[in-house]
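start_35.tsv (TSV, C-alpha atoms) appears below.
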```
chain	number	residue	atom	x	y	z
G	1	MET	CA	-41.67	-28.24	8.42
G	2	ARG	CA	-38.40	-29.28	10.07
G	3	LYS	CA	-37.03	-30.48	6.71
G	4	THR	CA	-37.94	-27.15	5.13
G	5	ILE	CA	-36.11	-25.21	7.85
G	6	MET	CA	-33.04	-27.46	7.55
G	7	ALA	CA	-33.00	-27.05	3.77
G	8	ALA	CA	-33.16	-23.28	4.16
G	9	LEU	CA	-30.28	-23.32	6.63
G	10	VAL	CA	-28.15	-25.48	4.34
G	11	ALA	CA	-28.90	-23.19	1.39
G	12	ALA	CA	-27.79	-20.19	3.46
G	13	ILE	CA	-24.64	-21.83	4.80
G	14	MET	CA	-23.36	-23.34	1.53
G	15	PRO	CA	-22.29	-20.01	-0.05
G	16	LEU	CA	-20.50	-19.02	3.17
G	17	THR	CA	-18.67	-22.34	3.23
G	18	ALA	CA	-17.61	-21.83	-0.36
G	19	MET	CA	-16.41	-18.34	0.51
G	20	ALA	CA	-14.33	-19.64	3.39
G	21	GLN	CA	-12.72	-22.22	1.12
G	22	HIS	CA	-11.71	-19.55	-1.36
G	23	GLU	CA	-10.59	-16.71	0.92
G	24	GLU	CA	-7.30	-16.25	-0.85
G	25	GLU	CA	-8.96	-16.40	-4.27
G	26	THR	CA	-11.44	-13.66	-3.46
G	27	GLU	CA	-8.99	-11.17	-1.97
G	28	ASN	CA	-9.96	-7.54	-2.33
G	29	GLY	CA	-6.97	-5.59	-1.00
G	30	VAL	CA	-9.27	-3.59	1.28
G	31	MET	CA	-10.31	-5.94	4.08
G	32	SER	CA	-9.46	-9.47	5.08
G	33	LEU	CA	-12.07	-12.21	4.77
G	34	ALA	CA	-10.49	-14.22	7.59
G	35	GLY	CA	-13.13	-14.95	10.21
G	36	LYS	CA	-15.71	-12.83	8.37
G	37	GLU	CA	-18.72	-14.46	6.78
G	38	GLY	CA	-20.88	-11.41	6.24
G	39	PHE	CA	-23.29	-11.39	3.33
G	40	THR	CA	-22.36	-13.69	0.44
G	41	ILE	CA	-24.18	-14.97	-2.63
G	42	GLY	CA	-23.04	-18.23	-4.19
G	43	THR	CA	-24.03	-21.45	-5.85
G	44	LYS	CA	-24.20	-24.73	-3.98
G	45	LYS	CA	-21.25	-26.08	-5.96
G	46	GLY	CA	-19.17	-23.08	-5.03
G	47	ASP	CA	-18.32	-22.37	-8.66
G	48	PHE	CA	-19.69	-18.84	-8.33
G	49	VAL	CA	-19.24	-16.62	-5.27
G	50	PHE	CA	-20.17	-12.95	-4.98
G	51	LYS	CA	-19.43	-10.84	-1.90
G	52	PRO	CA	-20.11	-7.13	-1.48
G	53	TYR	CA	-17.97	-5.24	1.01
G	54	MET	CA	-17.43	-1.75	2.33
G	55	MET	CA	-14.91	0.14	4.41
G	56	VAL	CA	-15.23	3.60	5.93
G	57	GLN	CA	-12.45	5.45	7.71
G	58	THR	CA	-13.06	8.66	9.63
G	59	SER	CA	-10.16	10.48	11.26
G	60	ALA	CA	-9.22	13.49	13.34
G	61	SER	CA	-5.69	14.84	13.06
G	62	TYR	CA	-3.41	17.55	14.41
G	63	LYS	CA	-0.48	18.63	12.21
G	64	PHE	CA	2.20	21.11	13.21
G	65	TYR	CA	4.69	22.48	10.64
G	66	ASP	CA	8.02	24.19	11.27
G	67	ASP	CA	8.44	27.87	10.30
G	68	GLU	CA	10.51	27.23	7.17
G	69	GLY	CA	8.41	27.69	4.05
G	70	LEU	CA	5.75	29.69	5.91
G	71	ASP	CA	5.16	33.37	5.24
G	72	LYS	CA	3.80	35.02	8.37
G	73	ALA	CA	2.91	38.13	6.34
G	74	TYR	CA	0.11	36.06	4.80
G	75	ASN	CA	-0.99	34.72	8.18
G	76	GLN	CA	0.22	31.23	7.37
G	77	ASP	CA	-0.11	29.15	10.51
G	78	ASN	CA	2.14	26.44	11.90
G	79	VAL	CA	-0.97	24.34	12.47
G	80	ALA	CA	-2.52	23.37	9.13
G	81	ASN	CA	-4.29	20.48	7.39
G	82	SER	CA	-5.80	19.57	10.75
G	83	GLY	CA	-9.32	18.62	11.72
G	84	PHE	CA	-11.64	15.86	10.52
G	85	ALA	CA	-11.31	13.81	7.35
G	86	ILE	CA	-12.61	10.72	5.57
G	87	PRO	CA	-9.54	9.07	4.03
G	88	TYR	CA	-11.54	6.22	2.52
G	89	ALA	CA	-15.21	5.46	1.90
G	90	ILE	CA	-15.00	2.30	-0.19
G	91	ILE	CA	-17.84	0.27	-1.62
G	92	GLY	CA	-17.02	-2.77	-3.70
G	93	PHE	CA	-17.60	-6.38	-4.52
G	94	THR	CA	-15.36	-9.36	-5.04
G	95	GLY	CA	-15.95	-12.91	-6.13
G	96	LYS	CA	-15.06	-16.06	-8.02
G	97	ALA	CA	-16.47	-17.66	-11.14
G	98	TYR	CA	-16.00	-21.00	-12.88
G	99	ASP	CA	-13.17	-22.03	-10.57
G	100	LYS	CA	-10.70	-19.99	-12.63
G	101	VAL	CA	-11.73	-16.35	-12.65
G	102	THR	CA	-11.71	-13.99	-9.67
G	103	PHE	CA	-12.81	-10.38	-9.89
G	104	ASN	CA	-12.86	-7.23	-7.80
G	105	VAL	CA	-14.24	-3.72	-8.29
G	106	SER	CA	-14.32	-0.93	-5.73
G	107	VAL	CA	-14.87	2.82	-5.69
G	108	ASN	CA	-13.67	5.31	-3.09
G	109	ALA	CA	-16.38	7.92	-2.64
G	110	ALA	CA	-14.00	10.05	-0.55
G	111	ALA	CA	-11.57	10.48	-3.46
G	112	THR	CA	-11.58	12.76	-6.48
G	113	GLY	CA	-10.72	12.37	-10.16
G	114	GLY	CA	-9.32	9.03	-11.28
G	115	ASN	CA	-8.82	7.92	-7.67
G	116	ILE	CA	-12.58	7.41	-7.33
G	117	LEU	CA	-12.05	4.10	-9.12
G	118	GLN	CA	-9.93	2.55	-6.42
G	119	GLN	CA	-9.40	-0.74	-8.25
G	120	ALA	CA	-10.99	-2.94	-10.90
G	121	TRP	CA	-9.45	-6.21	-12.04
G	122	LEU	CA	-9.96	-9.72	-13.37
G	123	ASP	CA	-7.67	-12.58	-12.44
G	124	VAL	CA	-7.52	-15.80	-14.49
G	125	LYS	CA	-5.77	-18.72	-12.79
G	126	LEU	CA	-4.62	-21.48	-15.10
G	127	LYS	CA	-3.00	-23.28	-12.17
G	128	ASP	CA	-1.34	-22.32	-8.89
G	129	GLU	CA	1.89	-21.59	-10.69
G	130	VAL	CA	0.45	-19.41	-13.48
G	131	ALA	CA	-2.23	-16.72	-13.31
G	132	PHE	CA	-2.88	-13.46	-15.13
G	133	ARG	CA	-4.37	-10.26	-13.72
G	134	VAL	CA	-5.55	-7.29	-15.78
G	135	GLY	CA	-7.05	-3.96	-14.77
G	136	LYS	CA	-6.28	-1.49	-12.00
G	137	PHE	CA	-4.56	-2.99	-8.97
G	138	LYS	CA	-1.49	-2.72	-6.73
G	139	THR	CA	1.88	-2.76	-8.45
G	140	PRO	CA	4.29	-5.44	-7.16
G	141	PHE	CA	6.46	-3.20	-4.98
G	142	SER	CA	6.67	-2.68	-1.20
G	143	HIS	CA	5.17	-4.67	1.67
G	144	GLY	CA	3.71	-1.41	2.99
G	145	TYR	CA	1.54	-0.82	-0.09
G	146	LEU	CA	0.72	-4.50	-0.65
G	147	THR	CA	-0.75	-4.88	2.84
G	148	THR	CA	-4.54	-5.05	2.96
G	149	LEU	CA	-5.69	-1.44	3.23
G	150	GLY	CA	-7.79	-1.87	6.38
G	151	GLU	CA	-5.11	-3.89	8.18
G	152	THR	CA	-2.11	-1.58	8.23
G	153	LEU	CA	-0.28	-1.26	11.54
G	154	LEU	CA	-0.65	2.54	11.62
G	155	PRO	CA	-3.19	4.86	9.94
G	156	GLN	CA	-0.46	6.43	7.76
G	157	LEU	CA	2.01	4.63	5.52
G	158	PRO	CA	5.74	5.33	6.01
G	159	THR	CA	6.64	8.84	4.87
G	160	SER	CA	9.69	7.44	3.06
G	161	LEU	CA	7.30	5.70	0.64
G	162	THR	CA	4.80	8.50	0.13
G	163	ALA	CA	6.76	11.79	0.27
G	164	SER	CA	8.03	13.31	-2.96
G	165	VAL	CA	11.80	13.53	-3.25
G	166	ILE	CA	13.69	16.82	-3.54
G	167	LEU	CA	15.42	17.80	-6.77
G	168	PRO	CA	17.20	21.10	-7.56
G	169	TYR	CA	14.77	24.01	-7.55
G	170	SER	CA	14.93	24.48	-11.31
G	171	LEU	CA	13.59	20.95	-11.69
G	172	ASN	CA	10.88	20.98	-9.04
G	173	ALA	CA	8.14	20.19	-11.58
G	174	VAL	CA	9.52	16.63	-11.43
G	175	THR	CA	8.72	15.22	-7.98
G	176	PRO	CA	8.51	11.41	-7.93
G	177	ASN	CA	8.11	9.39	-4.76
G	178	ILE	CA	9.54	5.95	-4.07
G	179	GLY	CA	6.23	4.10	-3.66
G	180	THR	CA	4.24	3.14	-6.75
G	181	GLY	CA	0.84	1.98	-5.41
G	182	PHE	CA	-2.16	1.37	-7.69
G	183	ASP	CA	-1.82	1.49	-11.47
G	184	LEU	CA	-3.37	0.12	-14.67
G	185	GLY	CA	-1.73	-2.86	-16.31
G	186	VAL	CA	-1.33	-6.60	-16.73
G	187	GLU	CA	0.55	-9.01	-14.50
G	188	MET	CA	1.56	-12.66	-14.50
G	189	HIS	CA	1.87	-14.18	-11.04
G	190	GLY	CA	1.88	-17.50	-9.27
G	191	LEU	CA	3.03	-19.66	-6.39
G	192	LEU	CA	5.80	-22.20	-6.94
G	193	ALA	CA	6.08	-25.24	-4.66
G	194	GLY	CA	3.74	-23.52	-2.22
G	195	LYS	CA	6.60	-21.33	-0.99
G	196	ILE	CA	7.87	-19.03	-3.73
G	197	GLY	CA	5.67	-16.28	-5.07
G	198	TYR	CA	6.37	-14.17	-8.13
G	199	GLU	CA	4.75	-11.21	-9.90
G	200	VAL	CA	5.87	-9.74	-13.23
G	201	GLY	CA	3.89	-6.94	-14.84
G	202	LEU	CA	3.57	-4.03	-17.25
G	203	PHE	CA	1.78	-0.88	-16.08
G	204	ASN	CA	1.09	2.60	-17.41
G	205	GLY	CA	3.31	4.14	-14.74
G	206	THR	CA	0.94	7.08	-14.31
G	207	GLY	CA	-0.38	5.98	-10.91
G	208	SER	CA	-3.87	5.73	-9.49
G	209	THR	CA	-5.08	9.15	-10.65
G	210	VAL	CA	-5.14	8.27	-14.38
G	211	ASN	CA	-7.57	5.69	-15.80
G	212	THR	CA	-6.84	6.27	-19.48
G	213	ALA	CA	-4.09	5.25	-21.92
G	214	THR	CA	-1.71	8.19	-22.27
G	215	LYS	CA	1.69	6.61	-22.95
G	216	THR	CA	4.01	6.67	-25.94
G	217	PHE	CA	7.35	5.16	-27.02
G	218	SER	CA	10.64	6.09	-25.43
G	219	ASP	CA	12.72	8.32	-27.71
G	220	ASP	CA	15.89	7.19	-25.92
G	221	TRP	CA	15.38	3.42	-25.61
G	222	HIS	CA	12.76	2.80	-28.32
G	223	ILE	CA	10.55	0.71	-26.04
G	224	PRO	CA	7.02	1.48	-24.74
G	225	SER	CA	7.15	4.16	-22.04
G	226	LEU	CA	5.61	1.97	-19.35
G	227	LEU	CA	6.35	0.81	-15.83
G	228	TYR	CA	8.14	-2.56	-15.92
G	229	ALA	CA	7.88	-4.22	-12.50
G	230	GLY	CA	8.64	-7.54	-10.82
G	231	ARG	CA	8.70	-9.08	-7.35
G	232	VAL	CA	9.69	-12.45	-5.91
G	233	THR	CA	9.00	-13.65	-2.36
G	234	LEU	CA	10.16	-16.63	-0.32
G	235	MET	CA	7.58	-17.91	2.18
G	236	PRO	CA	8.97	-21.09	3.83
G	237	LYS	CA	5.86	-21.69	5.95
G	238	GLY	CA	3.28	-21.04	3.24
G	239	VAL	CA	1.51	-17.96	1.93
G	240	MET	CA	2.06	-14.91	4.10
G	241	PRO	CA	-1.25	-13.14	4.89
G	242	SER	CA	-1.40	-9.51	3.72
G	243	THR	CA	-2.03	-8.16	7.20
G	244	GLN	CA	-0.13	-6.21	9.82
G	245	GLY	CA	-2.55	-7.06	12.59
G	246	ASN	CA	-5.78	-9.04	12.71
G	247	PRO	CA	-7.32	-10.39	15.95
G	248	ASP	CA	-8.74	-13.33	13.97
G	249	ARG	CA	-5.21	-14.45	12.99
G	250	LEU	CA	-3.49	-14.75	16.36
G	251	ASP	CA	-2.45	-18.34	15.67
G	252	GLU	CA	-0.42	-17.57	12.53
G	253	ASP	CA	3.22	-18.63	12.18
G	254	LYS	CA	4.44	-17.24	8.84
G	255	TRP	CA	7.32	-15.18	7.52
G	256	MET	CA	8.61	-13.98	4.19
G	257	VAL	CA	11.46	-12.18	2.47
G	258	GLY	CA	11.02	-10.41	-0.85
G	259	LEU	CA	12.92	-8.64	-3.61
G	260	SER	CA	11.31	-6.21	-6.05
G	261	THR	CA	12.42	-3.95	-8.86
G	262	SER	CA	10.85	-1.65	-11.42
G	263	LEU	CA	11.69	0.78	-14.21
G	264	ASN	CA	9.30	3.59	-15.05
G	265	VAL	CA	10.24	4.71	-18.56
G	266	GLU	CA	9.58	8.37	-19.37
G	267	SER	CA	7.70	9.03	-16.16
G	268	GLU	CA	6.97	12.48	-14.74
G	269	ASN	CA	5.61	14.04	-17.95
G	270	GLU	CA	8.15	12.16	-20.08
G	271	SER	CA	10.99	13.90	-18.22
G	272	THR	CA	12.68	11.10	-16.27
G	273	ASN	CA	13.43	7.38	-16.22
G	274	ASP	CA	12.95	6.14	-12.66
G	275	TYR	CA	14.50	2.88	-11.48
G	276	ARG	CA	13.43	1.37	-8.13
G	277	ALA	CA	14.57	-1.62	-6.09
G	278	GLY	CA	13.32	-2.94	-2.77
G	279	LEU	CA	14.08	-5.54	-0.10
G	280	GLU	CA	11.39	-6.54	2.39
G	281	PHE	CA	10.84	-8.81	5.38
G	282	ALA	CA	7.65	-9.56	7.29
G	283	MET	CA	6.72	-12.01	10.02
G	284	LEU	CA	3.58	-13.05	11.89
G	285	LYS	CA	4.22	-15.15	14.98
G	286	GLU	CA	0.99	-15.52	16.95
G	287	ARG	CA	0.53	-12.11	18.67
G	288	LEU	CA	3.71	-10.59	17.23
G	289	TYR	CA	4.11	-8.81	13.89
G	290	LEU	CA	7.48	-7.55	12.63
G	291	ALA	CA	8.49	-6.01	9.31
G	292	ALA	CA	11.40	-4.17	7.74
G	293	GLU	CA	11.92	-2.66	4.30
G	294	ALA	CA	14.66	-0.85	2.42
G	295	TYR	CA	14.21	0.72	-1.03
G	296	TYR	CA	16.23	2.70	-3.54
G	297	MET	CA	15.33	4.99	-6.46
G	298	HIS	CA	17.53	6.32	-9.25
G	299	VAL	CA	16.19	9.30	-11.22
G	300	GLY	CA	17.78	9.99	-14.59
G	301	PHE	CA	16.56	12.52	-17.13
G	302	THR	CA	15.58	11.81	-20.71
G	303	GLU	CA	17.83	13.12	-23.49
G	304	ARG	CA	15.32	15.78	-24.52
G	305	GLN	CA	15.76	17.42	-21.09
G	306	LYS	CA	19.47	17.99	-21.83
G	307	ILE	CA	20.34	17.31	-18.17
G	308	SER	CA	23.25	14.96	-17.62
G	309	ASP	CA	22.88	14.82	-13.83
G	310	SER	CA	21.13	11.92	-12.13
G	311	TYR	CA	19.99	11.50	-8.54
G	312	ASN	CA	19.82	8.62	-6.06
G	313	TYR	CA	17.46	8.27	-3.11
G	314	TRP	CA	16.84	5.61	-0.52
G	315	GLY	CA	14.62	4.98	2.44
G	316	GLY	CA	13.43	2.27	4.77
G	317	TYR	CA	11.70	1.44	8.01
G	318	VAL	CA	11.32	-1.13	10.74
G	319	GLN	CA	8.02	-1.62	12.52
G	320	GLY	CA	6.37	-4.00	14.91
G	321	GLY	CA	3.10	-4.68	16.64
G	322	TYR	CA	2.05	-6.88	19.54
G	323	PHE	CA	-1.39	-7.91	20.79
G	324	VAL	CA	-1.21	-7.38	24.54
G	325	THR	CA	-4.80	-8.66	24.67
G	326	ASP	CA	-6.95	-10.37	22.05
G	327	ARG	CA	-8.22	-6.94	20.97
G	328	LEU	CA	-5.48	-4.40	21.81
G	329	GLN	CA	-2.38	-4.12	19.60
G	330	LEU	CA	0.52	-1.80	20.43
G	331	ALA	CA	2.57	-0.49	17.50
G	332	ALA	CA	5.86	1.31	16.79
G	333	ARG	CA	7.77	2.32	13.66
G	334	TYR	CA	11.10	3.97	12.83
G	335	ASP	CA	11.25	5.47	9.35
G	336	LEU	CA	14.32	6.85	7.52
G	337	MET	CA	14.58	8.75	4.25
G	338	ASP	CA	17.37	10.31	2.21
G	339	ARG	CA	14.95	12.80	0.67
G	340	ASN	CA	17.49	15.28	-0.72
G	341	GLY	CA	19.54	12.64	-2.57
G	342	SER	CA	22.85	10.94	-1.93
G	343	GLY	CA	24.69	13.96	-3.34
G	344	LYS	CA	23.84	16.00	-0.23
G	345	ASP	CA	24.31	15.25	3.44
G	346	GLY	CA	21.30	14.87	5.68
G	347	MET	CA	18.54	12.43	6.53
G	348	LEU	CA	14.98	12.53	7.77
G	349	ASN	CA	14.19	10.22	10.68
G	350	MET	CA	10.56	9.72	11.65
G	351	PRO	CA	9.72	7.67	14.75
G	352	ALA	CA	6.05	6.82	15.33
G	353	VAL	CA	4.02	5.04	18.00
G	354	GLY	CA	0.43	3.91	18.01
G	355	LEU	CA	-2.22	1.50	19.17
G	356	ASN	CA	-5.09	-0.39	17.57
G	357	TYR	CA	-8.22	-1.53	19.35
G	358	PHE	CA	-10.63	-3.95	17.67
G	359	LEU	CA	-14.20	-3.86	18.96
G	360	LYS	CA	-15.22	-7.50	19.05
G	361	GLY	CA	-18.15	-8.52	16.87
G	362	THR	CA	-18.71	-5.06	15.37
G	363	GLY	CA	-16.25	-4.68	12.46
G	364	LEU	CA	-14.93	-1.53	14.13
G	365	LYS	CA	-11.23	-0.74	14.52
G	366	LEU	CA	-9.94	2.25	16.47
G	367	GLN	CA	-6.42	3.46	15.63
G	368	ALA	CA	-4.26	6.19	17.13
G	369	MET	CA	-0.72	7.27	16.24
G	370	TYR	CA	1.83	10.03	16.76
G	371	GLN	CA	4.78	10.71	14.43
G	372	TYR	CA	7.69	13.12	14.77
G	373	THR	CA	9.80	14.23	11.79
G	374	GLY	CA	13.42	14.80	12.73
G	375	ARG	CA	16.40	15.98	10.66
G	376	THR	CA	20.02	15.03	11.09
G	377	GLY	CA	23.40	15.31	9.39
G	378	HIS	CA	22.76	18.29	7.08
G	379	GLU	CA	25.72	20.40	6.03
G	380	THR	CA	23.96	23.77	6.28
G	381	GLN	CA	20.91	25.16	8.02
G	382	LEU	CA	19.36	25.88	4.60
G	383	ASP	CA	19.71	22.21	3.62
G	384	ARG	CA	18.14	21.26	6.94
G	385	ASP	CA	15.23	23.64	6.42
G	386	ASN	CA	14.62	22.57	2.83
G	387	ASP	CA	14.66	18.84	3.54
G	388	ASP	CA	11.33	18.67	5.38
G	389	LEU	CA	9.40	21.25	3.34
G	390	GLY	CA	5.77	20.19	3.15
G	391	LEU	CA	6.14	17.58	5.89
G	392	THR	CA	4.72	17.84	9.39
G	393	THR	CA	7.02	18.10	12.38
G	394	HIS	CA	4.38	16.73	14.73
G	395	CYS	CA	1.42	14.67	13.55
G	396	ALA	CA	-1.21	13.02	15.74
G	397	THR	CA	-4.08	11.01	14.26
G	398	VAL	CA	-7.06	9.14	15.65
G	399	GLN	CA	-9.01	7.03	13.19
G	400	LEU	CA	-12.16	4.92	13.43
G	401	GLN	CA	-12.67	2.29	10.76
G	402	TYR	CA	-15.65	0.12	9.93
G	403	CYS	CA	-15.52	-2.89	7.62
G	404	PHE	CA	-18.35	-5.08	6.37
```
Please lay out the structure from this file as structure tokens.
Amino acid sequence: MRKTIMAALVAAIMPLTAMAQHEEETENGVMSLAGKEGFTIGTKKGDFVFKPYMMVQTSASYKFYDDEGLDKAYNQDNVANSGFAIPYAIIGFTGKAYDKVTFNVSVNAAATGGNILQQAWLDVKLKDEVAFRVGKFKTPFSHGYLTTLGETLLPQLPTSLTASVILPYSLNAVTPNIGTGFDLGVEMHGLLAGKIGYEVGLFNGTGSTVNTATKTFSDDWHIPSLLYAGRVTLMPKGVMPSTQGNPDRLDEDKWMVGLSTSLNVESENESTNDYRAGLEFAMLKERLYLAAEAYYMHVGFTERQKISDSYNYWGGYVQGGYFVTDRLQLAARYDLMDRNGSGKDGMLNMPAVGLNYFLKGTGLKLQAMYQYTGRTGHETQLDRDNDDLGLTTHCATVQLQYCF
């Protein structure tokens, strides 16, 4: 009887051991596997591992908008887009097969359209230095987007990454933003000498909302109208975890610097060619997390648009978090954005503060943040008013997250 019980325990533990050995190989971009065993299916040899996971975020927010852009005759209120929301309700599975192939599929039930398929990819590793990923996954640009979704420092990403830029009113149908996020494509990546990471890929350039092939050839450059992207990172102390705060990683001592660039050919309904470049830094030192990013975007129009003007935008942020206890992390961020282009004076500056509390042994994470959107340096009051159209002046959010 005792032997039977021991055999059953060993059979149950073996898959979990295999999962722990291959944490980095079974990444899912949604939640970290560090310190989490959960429910896992695997073979005794560890050559096949299958792990389902889920993440649910529920939030309550208060958003106050300035008067510009509001028409009081239609009873438009300064307080809008407030109340309760479910940003993400993700169900997925990740795993490893045959010591070479890793896979991940997840759906976001809180999304609509093509965003319902949050990601779906296969990764074939020939060796540490060379691997290939195909499917829908994160493009190699920006530490903010590449952070594990459930482990961001604040509930909302920096506005400088997510807000659409401002072009002249006659061209407002073209509204790119600096961040690129999820997309469909193929990527070669690897780790050189255990310290230098690289990612080079081709993507549709249509973003996470489109799951079909819709691209053509560039009339101007006679190359496929795709997103060409690359990123290289230096990690002197080994692979940098994709987290901005995890109570199970309070003994980490890692840092990295990264460079990234991309060219989205005939983006925005074949109207523009968008070039992006980014510089990033991140550090985990026991209880302390620090990060800084700066990014640039050049928007030039295709010849068929008959517009000779081009526009340049930049943004960046610094942020940090500190675990004052094993479960409570304080957070702050300062975000800057040249939203109206370098051809006009004026900047948006967006300070934010927050806190994260991790309920031990439950998978629950409580987040709270407040962000203010300020404006400075504009030449005219009209420029000042136009620069933050569609953005909140005051935004407060409380979010409860559960991961399994």
**OP:** Might you pull out every residue within 7 Å of Gly83 in chain G, with all atoms listed in the file counted and same-chain residues fewer than 6 positions away left off, and present them as a PyMOL selection string?
**Re:** chain G and resi 60-62
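Here CA of Thr261 in chain G is placed at a distance of 25.4 Å from CA of Gly150 in chain G.
What separates CA of Met235 in chain G from CA of Tyr322 in chain G is a distance of 21.3 Å.
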Subject >> Expected answer as a VMD selection string: all residues with atoms within 8 Å of (0.6, 24.0, 14.6), all atoms listed in the file >> reply: chain G and resid 62 to 65 77 to 80
Would you list the contacts of Pro140 in chain G as a PDB file with C-alpha atoms, keeping the file's coordinate frame, taking every protein, DNA or RNA residue within 12 Å and counting all atoms listed in the file, but skipping same-chain residues closer than 6 positions in sequence?
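out09.pdb written:
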```
ATOM      1  CA  ARG G 133      -4.370 -10.260 -13.720  1.00  0.00           C
ATOM      2  CA  LEU G 146       0.720  -4.500  -0.650  1.00  0.00           C
ATOM      3  CA  THR G 147      -0.750  -4.880   2.840  1.00  0.00           C
ATOM      4  CA  GLY G 179       6.230   4.100  -3.660  1.00  0.00           C
ATOM      5  CA  THR G 180       4.240   3.140  -6.750  1.00  0.00           C
ATOM      6  CA  GLY G 181       0.840   1.980  -5.410  1.00  0.00           C
ATOM      7  CA  PHE G 182      -2.160   1.370  -7.690  1.00  0.00           C
ATOM      8  CA  ASP G 183      -1.820   1.490 -11.470  1.00  0.00           C
ATOM      9  CA  GLY G 185      -1.730  -2.860 -16.310  1.00  0.00           C
ATOM     10  CA  VAL G 186      -1.330  -6.600 -16.730  1.00  0.00           C
ATOM     11  CA  GLU G 187       0.550  -9.010 -14.500  1.00  0.00           C
ATOM     12  CA  MET G 188       1.560 -12.660 -14.500  1.00  0.00           C
ATOM     13  CA  HIS G 189       1.870 -14.180 -11.040  1.00  0.00           C
ATOM     14  CA  GLY G 197       5.670 -16.280  -5.070  1.00  0.00           C
ATOM     15  CA  TYR G 198       6.370 -14.170  -8.130  1.00  0.00           C
ATOM     16  CA  GLU G 199       4.750 -11.210  -9.900  1.00  0.00           C
ATOM     17  CA  VAL G 200       5.870  -9.740 -13.230  1.00  0.00           C
ATOM     18  CA  GLY G 201       3.890  -6.940 -14.840  1.00  0.00           C
ATOM     19  CA  LEU G 202       3.570  -4.030 -17.250  1.00  0.00           C
ATOM     20  CA  PHE G 203       1.780  -0.880 -16.080  1.00  0.00           C
ATOM     21  CA  LEU G 227       6.350   0.810 -15.830  1.00  0.00           C
ATOM     22  CA  TYR G 228       8.140  -2.560 -15.920  1.00  0.00           C
ATOM     23  CA  ALA G 229       7.880  -4.220 -12.500  1.00  0.00           C
ATOM     24  CA  GLY G 230       8.640  -7.540 -10.820  1.00  0.00           C
ATOM     25  CA  ARG G 231       8.700  -9.080  -7.350  1.00  0.00           C
ATOM     26  CA  VAL G 232       9.690 -12.450  -5.910  1.00  0.00           C
ATOM     27  CA  THR G 233       9.000 -13.650  -2.360  1.00  0.00           C
ATOM     28  CA  GLY G 258      11.020 -10.410  -0.850  1.00  0.00           C
ATOM     29  CA  LEU G 259      12.920  -8.640  -3.610  1.00  0.00           C
ATOM     30  CA  SER G 260      11.310  -6.210  -6.050  1.00  0.00           C
ATOM     31  CA  THR G 261      12.420  -3.950  -8.860  1.00  0.00           C
ATOM     32  CA  SER G 262      10.850  -1.650 -11.420  1.00  0.00           C
ATOM     33  CA  LEU G 263      11.690   0.780 -14.210  1.00  0.00           C
ATOM     34  CA  ARG G 276      13.430   1.370  -8.130  1.00  0.00           C
ATOM     35  CA  ALA G 277      14.570  -1.620  -6.090  1.00  0.00           C
ATOM     36  CA  GLY G 278      13.320  -2.940  -2.770  1.00  0.00           C
ATOM     37  CA  GLU G 280      11.390  -6.540   2.390  1.00  0.00           C
TER      38      GLU G 280
END
```
Original post:
Suppose you want the space between CA of Gln367 in chain G and CA of Gly320 in chain G; what is it in Å?
Top reply: 14.8 Å
**OP:** Identify, on the basis of all atoms listed in the file, every residue whose closest approach to range 238-252 of chain G does not exceed 9 Å; exclude the query and any residue fewer than 4 positions from it along the same chain; express the result as a PyMOL selection string.
**Re:** chain G and resi 24+29+32+34-36+143+146-154+191+194-197+234+256+282-291+320-323+326-329+356+358+360
Set the distance at 9 Å and use only C-alpha atoms: which residues neighbour range 272-274 of chain G once local chain neighbours fewer than 2 positions away are removed? I'd like the list as an mmCIF file with C-alpha atoms, in the frame of the given file.
```cif
data_model
loop_
_atom_site.group_PDB
_atom_site.id
_atom_site.type_symbol
_atom_site.label_atom_id
_atom_site.label_comp_id
_atom_site.auth_asym_id
_atom_site.auth_seq_id
_atom_site.Cartn_x
_atom_site.Cartn_y
_atom_site.Cartn_z
ATOM 1 C CA VAL G 174 9.520 16.630 -11.430
ATOM 2 C CA PRO G 176 8.510 11.410 -7.930
ATOM 3 C CA SER G 262 10.850 -1.650 -11.420
ATOM 4 C CA LEU G 263 11.690 0.780 -14.210
ATOM 5 C CA ASN G 264 9.300 3.590 -15.050
ATOM 6 C CA VAL G 265 10.240 4.710 -18.560
ATOM 7 C CA GLU G 266 9.580 8.370 -19.370
ATOM 8 C CA SER G 267 7.700 9.030 -16.160
ATOM 9 C CA GLU G 268 6.970 12.480 -14.740
ATOM 10 C CA ASN G 269 5.610 14.040 -17.950
ATOM 11 C CA GLU G 270 8.150 12.160 -20.080
ATOM 12 C CA ARG G 276 13.430 1.370 -8.130
ATOM 13 C CA MET G 297 15.330 4.990 -6.460
ATOM 14 C CA HIS G 298 17.530 6.320 -9.250
ATOM 15 C CA VAL G 299 16.190 9.300 -11.220
ATOM 16 C CA GLY G 300 17.780 9.990 -14.590
ATOM 17 C CA PHE G 301 16.560 12.520 -17.130
ATOM 18 C CA THR G 302 15.580 11.810 -20.710
ATOM 19 C CA GLN G 305 15.760 17.420 -21.090
#
```
